[in-house]
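Asker: Provided herewith: protein.csv, CSV, C-alpha atoms.
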```csv
chain,number,residue,atom,x,y,z
A,12,MET,CA,0.0,0.0,0.0
A,13,ILE,CA,2.8,2.4,0.9
A,14,VAL,CA,4.6,1.6,-2.4
A,15,VAL,CA,1.5,2.4,-4.4
A,16,ARG,CA,1.0,5.7,-2.6
A,17,LEU,CA,4.7,6.7,-3.2
A,18,ALA,CA,4.3,5.8,-6.9
A,19,ILE,CA,1.2,8.0,-7.1
A,20,ILE,CA,3.0,10.8,-5.4
A,21,ALA,CA,6.0,10.5,-7.7
A,22,VAL,CA,3.8,10.6,-10.8
A,23,ALA,CA,1.7,13.5,-9.4
A,24,PHE,CA,4.9,15.6,-8.9
A,25,GLY,CA,6.6,14.5,-12.1
A,26,LEU,CA,9.4,12.9,-10.3
A,27,LEU,CA,12.0,10.6,-11.9
A,28,LEU,CA,10.7,7.2,-12.8
A,29,VAL,CA,13.0,4.2,-12.3
A,30,SER,CA,12.8,0.7,-13.8
A,31,VAL,CA,15.1,-1.9,-12.6
A,32,GLU,CA,15.9,-5.1,-14.5
A,33,LYS,CA,17.5,-8.1,-12.8
A,34,PRO,CA,20.4,-9.7,-14.7
A,35,ALA,CA,20.1,-13.5,-14.8
A,36,GLY,CA,21.0,-15.0,-11.5
A,37,ALA,CA,21.4,-11.7,-9.7
A,38,ALA,CA,19.6,-10.8,-6.5
A,39,PRO,CA,17.0,-8.0,-7.0
A,40,PRO,CA,18.2,-4.6,-5.8
A,41,THR,CA,16.8,-3.3,-2.5
A,42,PRO,CA,14.5,-0.3,-2.8
A,43,ALA,CA,17.1,1.8,-0.8
A,44,THR,CA,19.8,1.0,-3.4
A,45,THR,CA,17.4,1.8,-6.3
A,46,CYS,CA,16.4,5.2,-4.8
A,47,GLU,CA,20.0,6.1,-4.0
A,48,ASP,CA,21.1,5.1,-7.5
A,49,ARG,CA,18.3,7.0,-9.1
A,50,ILE,CA,19.2,10.2,-7.2
A,51,GLN,CA,22.9,9.8,-8.0
A,52,ILE,CA,22.2,9.2,-11.7
A,53,SER,CA,19.9,12.2,-11.9
A,54,ASP,CA,22.4,14.3,-10.1
A,55,ALA,CA,25.2,13.3,-12.5
A,56,ILE,CA,23.1,14.2,-15.6
A,57,ASN,CA,21.7,17.4,-14.2
A,58,GLY,CA,25.0,18.2,-12.7
A,59,LEU,CA,26.8,18.1,-16.1
A,60,ALA,CA,24.2,20.4,-17.6
A,61,ASN,CA,24.5,22.8,-14.6
A,62,ALA,CA,28.3,22.7,-14.6
A,63,THR,CA,28.6,23.5,-18.3
A,64,ASP,CA,26.0,26.3,-18.0
A,65,ARG,CA,28.0,27.8,-15.0
A,66,ARG,CA,31.3,27.2,-16.8
A,67,ASP,CA,32.4,25.0,-13.9
A,68,TRP,CA,34.8,22.9,-16.0
A,69,GLU,CA,36.3,21.0,-13.0
A,70,ALA,CA,32.8,19.9,-11.9
A,71,ALA,CA,31.9,18.9,-15.4
A,72,GLU,CA,35.0,16.8,-15.8
A,73,ALA,CA,34.5,15.1,-12.5
A,74,LEU,CA,31.1,13.7,-13.7
A,75,LEU,CA,32.5,11.9,-16.7
A,76,ALA,CA,33.9,8.4,-17.1
A,77,PRO,CA,37.5,8.0,-18.4
A,78,GLU,CA,36.1,7.9,-21.9
A,79,VAL,CA,32.8,9.3,-23.1
A,80,ASP,CA,31.0,8.2,-26.3
A,81,LEU,CA,29.3,11.3,-27.7
A,82,GLY,CA,26.7,11.2,-30.5
A,83,TYR,CA,24.7,14.0,-32.2
A,84,ARG,CA,22.1,13.5,-34.9
A,85,MET,CA,19.3,15.6,-36.4
A,86,VAL,CA,15.9,13.9,-36.8
A,87,ASP,CA,14.7,13.9,-40.4
A,88,SER,CA,18.2,14.6,-41.7
A,89,PRO,CA,20.0,12.4,-44.2
A,90,ALA,CA,23.3,13.3,-42.7
A,91,ALA,CA,25.1,10.6,-40.7
A,92,PRO,CA,25.2,11.0,-36.9
A,93,ILE,CA,28.3,12.6,-35.5
A,94,ARG,CA,30.0,10.2,-33.2
A,95,GLN,CA,33.2,10.6,-31.2
A,96,ARG,CA,34.9,9.3,-28.1
A,97,LEU,CA,36.5,11.8,-25.8
A,98,THR,CA,38.3,11.9,-22.5
A,99,PRO,CA,36.8,14.2,-19.9
A,100,ALA,CA,39.6,16.7,-20.6
A,101,GLN,CA,38.8,16.7,-24.3
A,102,PHE,CA,35.0,17.1,-23.6
A,103,VAL,CA,35.8,20.2,-21.4
A,104,GLU,CA,38.2,21.5,-24.1
A,105,ALA,CA,35.5,21.2,-26.7
A,106,SER,CA,32.9,22.9,-24.4
A,107,ARG,CA,35.3,25.7,-23.5
A,108,ALA,CA,35.8,26.4,-27.2
A,109,VAL,CA,32.2,27.6,-27.7
A,110,LEU,CA,30.1,27.9,-24.5
A,111,PRO,CA,31.9,30.8,-22.9
A,112,GLY,CA,31.2,32.8,-26.0
A,113,TYR,CA,27.5,32.9,-25.2
A,114,LEU,CA,26.2,35.5,-22.8
A,115,HIS,CA,24.0,32.7,-21.2
A,116,THR,CA,23.2,29.1,-21.8
A,117,GLN,CA,20.6,26.9,-20.1
A,118,HIS,CA,20.0,23.2,-20.5
A,119,LEU,CA,16.7,22.2,-19.0
A,120,ILE,CA,16.3,18.4,-18.7
A,121,GLY,CA,13.0,16.7,-18.0
A,122,ASN,CA,11.0,13.5,-18.3
A,123,LEU,CA,14.0,11.5,-17.1
A,124,VAL,CA,13.5,7.8,-17.1
A,125,VAL,CA,16.3,5.6,-15.7
A,126,GLN,CA,16.9,1.9,-16.2
A,127,VAL,CA,19.5,0.3,-13.9
A,128,ILE,CA,21.1,-3.0,-14.6
A,129,GLY,CA,23.8,-3.9,-12.1
A,130,ASP,CA,26.6,-1.3,-12.4
A,131,HIS,CA,25.3,0.2,-15.6
A,132,ALA,CA,22.4,2.6,-16.2
A,133,MET,CA,20.7,4.1,-19.2
A,134,ALA,CA,18.7,7.3,-18.8
A,135,ASN,CA,16.4,8.8,-21.5
A,136,SER,CA,15.2,12.4,-21.2
A,137,GLN,CA,14.1,15.5,-23.1
A,138,VAL,CA,16.1,18.6,-23.1
A,139,TRP,CA,15.5,22.2,-24.1
A,140,MET,CA,18.8,24.0,-24.7
A,141,THR,CA,18.8,27.8,-24.9
A,142,HIS,CA,21.8,29.8,-26.1
A,143,TYR,CA,21.7,33.6,-25.8
A,144,LEU,CA,24.1,36.1,-27.4
A,145,PRO,CA,23.0,39.5,-28.6
A,146,ASN,CA,24.5,40.2,-32.0
A,147,ASP,CA,24.1,42.2,-35.2
A,148,GLN,CA,23.7,39.2,-37.4
A,149,GLY,CA,20.3,37.9,-36.4
A,150,GLU,CA,18.2,36.8,-33.4
A,151,PRO,CA,20.0,36.8,-30.1
A,152,TYR,CA,18.9,33.3,-29.2
A,153,TRP,CA,19.3,29.7,-30.5
A,154,ASN,CA,17.0,27.1,-29.0
A,155,VAL,CA,17.3,23.4,-29.5
A,156,ALA,CA,14.6,20.8,-28.5
A,157,ALA,CA,16.2,17.3,-28.3
A,158,LEU,CA,16.2,13.9,-26.8
A,159,TYR,CA,19.0,12.8,-24.5
A,160,ARG,CA,20.2,9.3,-23.9
A,161,HIS,CA,22.9,9.0,-21.2
A,162,GLU,CA,24.7,5.8,-20.3
A,163,LEU,CA,26.4,5.7,-16.9
A,164,GLU,CA,28.7,3.4,-15.0
A,165,ARG,CA,28.9,2.9,-11.3
A,166,THR,CA,32.4,3.6,-10.0
A,167,PRO,CA,33.9,3.8,-6.5
A,168,ALA,CA,33.5,7.6,-6.8
A,169,GLY,CA,29.8,7.3,-7.8
A,170,TRP,CA,27.9,7.2,-11.1
A,171,LYS,CA,29.9,8.6,-14.1
A,172,ILE,CA,28.6,9.5,-17.6
A,173,ALA,CA,30.0,7.1,-20.1
A,174,ALA,CA,27.9,8.1,-23.1
A,175,MET,CA,25.7,11.0,-24.1
A,176,HIS,CA,23.7,10.9,-27.3
A,177,VAL,CA,21.6,13.9,-28.5
A,178,GLU,CA,18.9,13.5,-31.0
A,179,ILE,CA,17.9,17.0,-32.2
A,180,LEU,CA,14.1,17.3,-32.9
A,181,TYR,CA,14.0,20.9,-34.0
A,182,GLN,CA,15.7,24.3,-33.6
A,183,THR,CA,14.5,27.9,-33.4
A,184,GLY,CA,16.2,31.2,-33.6
A,185,ASN,CA,19.7,32.0,-35.0
A,186,THR,CA,21.3,28.7,-35.9
A,187,HIS,CA,24.6,30.6,-36.7
A,188,LEU,CA,24.9,31.7,-33.0
A,189,SER,CA,27.3,28.8,-32.3
A,190,ALA,CA,29.8,30.2,-34.9
A,191,LEU,CA,29.5,33.7,-33.4
A,192,ALA,CA,30.1,32.3,-29.9
A,193,ALA,CA,33.2,30.3,-31.0
A,194,ALA,CA,34.6,33.5,-32.7
A,195,ARG,CA,34.2,35.4,-29.4
A,196,VAL,CA,36.1,32.7,-27.5
A,197,LYS,CA,38.9,32.8,-30.1
A,198,ALA,CA,39.0,36.6,-29.7
A,199,GLY,CA,39.1,36.3,-25.9
A,200,ASP,CA,35.7,37.9,-25.4
A,201,VAL,CA,34.3,35.3,-23.1
A,202,MET,CA,32.0,34.9,-20.1
A,203,THR,CA,33.8,32.8,-17.5
A,204,THR,CA,30.6,32.5,-15.4
A,205,PRO,CA,27.1,33.4,-16.5
```
Can the structure from this file be put into structure tokens for me?

Answerer:
Amino acid sequence: MIVVRLAIIAVAFGLLLVSVEKPAGAAPPTPATTCEDRIQISDAINGLANATDRRDWEAAEALLAPEVDLGYRMVDSPAAPIRQRLTPAQFVEASRAVLPGYLHTQHLIGNLVVQVIGDHAMANSQVWMTHYLPNDQGEPYWNVAALYRHELERTPAGWKIAAMHVEILYQTGNTHLSALAAARVKAGDVMTTP
């Protein structure tokens, strides 16, 4: 009865939903472990978005596994997805080459659904990414609606992001804003913190 009430409360407040699959021969996880894992996984995913938006590169790097599989693809595009494997330092370097050039960025993540299997987890969510930079070449914003798929690994230091795949659904605003932001970074005209 208590479990049903908690599930109803979780749904009513839009909280993170968790499904746990039991590998063959493994003992089922205890509810406490599942809740703790859910919180840590959610914190890692949201923490990475918050760290990059705050330009806290040390915090961003600390949330990543030793190697991260990144993938980007545009829905309804004939172009092949962009895939690359990066170390945490390379991820931060790539982020620092563009993000500080914006006046503000905001990555809002919602509808997070997590599946935990042993020491591995997969999380699917939706993201609304806003990039803001007043300029004389178009709109001051570039918004991206996308689906995220994160894969995480349990480590002695907690859950670390081992993969992040972005499936872009649509974009609004100035799609050239990224090039303007990168040019500002090259010129040294950057925001170190929003």

Asker: So that I can check the surroundings of range 93-99 of chain A, please list as an NGL selection string every protein, DNA and RNA residue that reaches within 8 Å of it, counting only C-alpha atoms and ignoring chain neighbours fewer than 5 positions away.

Answerer: :A and (72-73 or 75-84)

Asker: Considering all atoms listed in the file, can you say which of A:Leu188, A:Ala156, A:Tyr181, A:Val201 comes closest to Arg66 in chain A?

Answerer: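 Of all the options, A:Val201 lies closest to Arg66 in chain A.
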
Asker: Which residues come within 12 Å of Gly199 in chain A, counting only C-alpha atoms, excluding same-chain residues fewer than 2 positions away, as a list in words?

Answerer: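 The residues satisfying every condition are Arg107, Ala108, Val109, Pro111, Gly112, Ala192, Ala193, Ala194, Arg195, Val196, Lys197, Val201, Met202 and Thr203 of chain A.
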
Asker: May I ask for the distance between CA of Ala62 in chain A and CA of Pro92 in chain A, given in Å to one decimal place?

Answerer: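 Between these atoms lies a distance of 25.4 Å.
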
Asker: Rounded to one decimal place, report the CA of Val127 in chain A-CA of Arg165 in chain A distance in Å.

Answerer: 10.1 Å
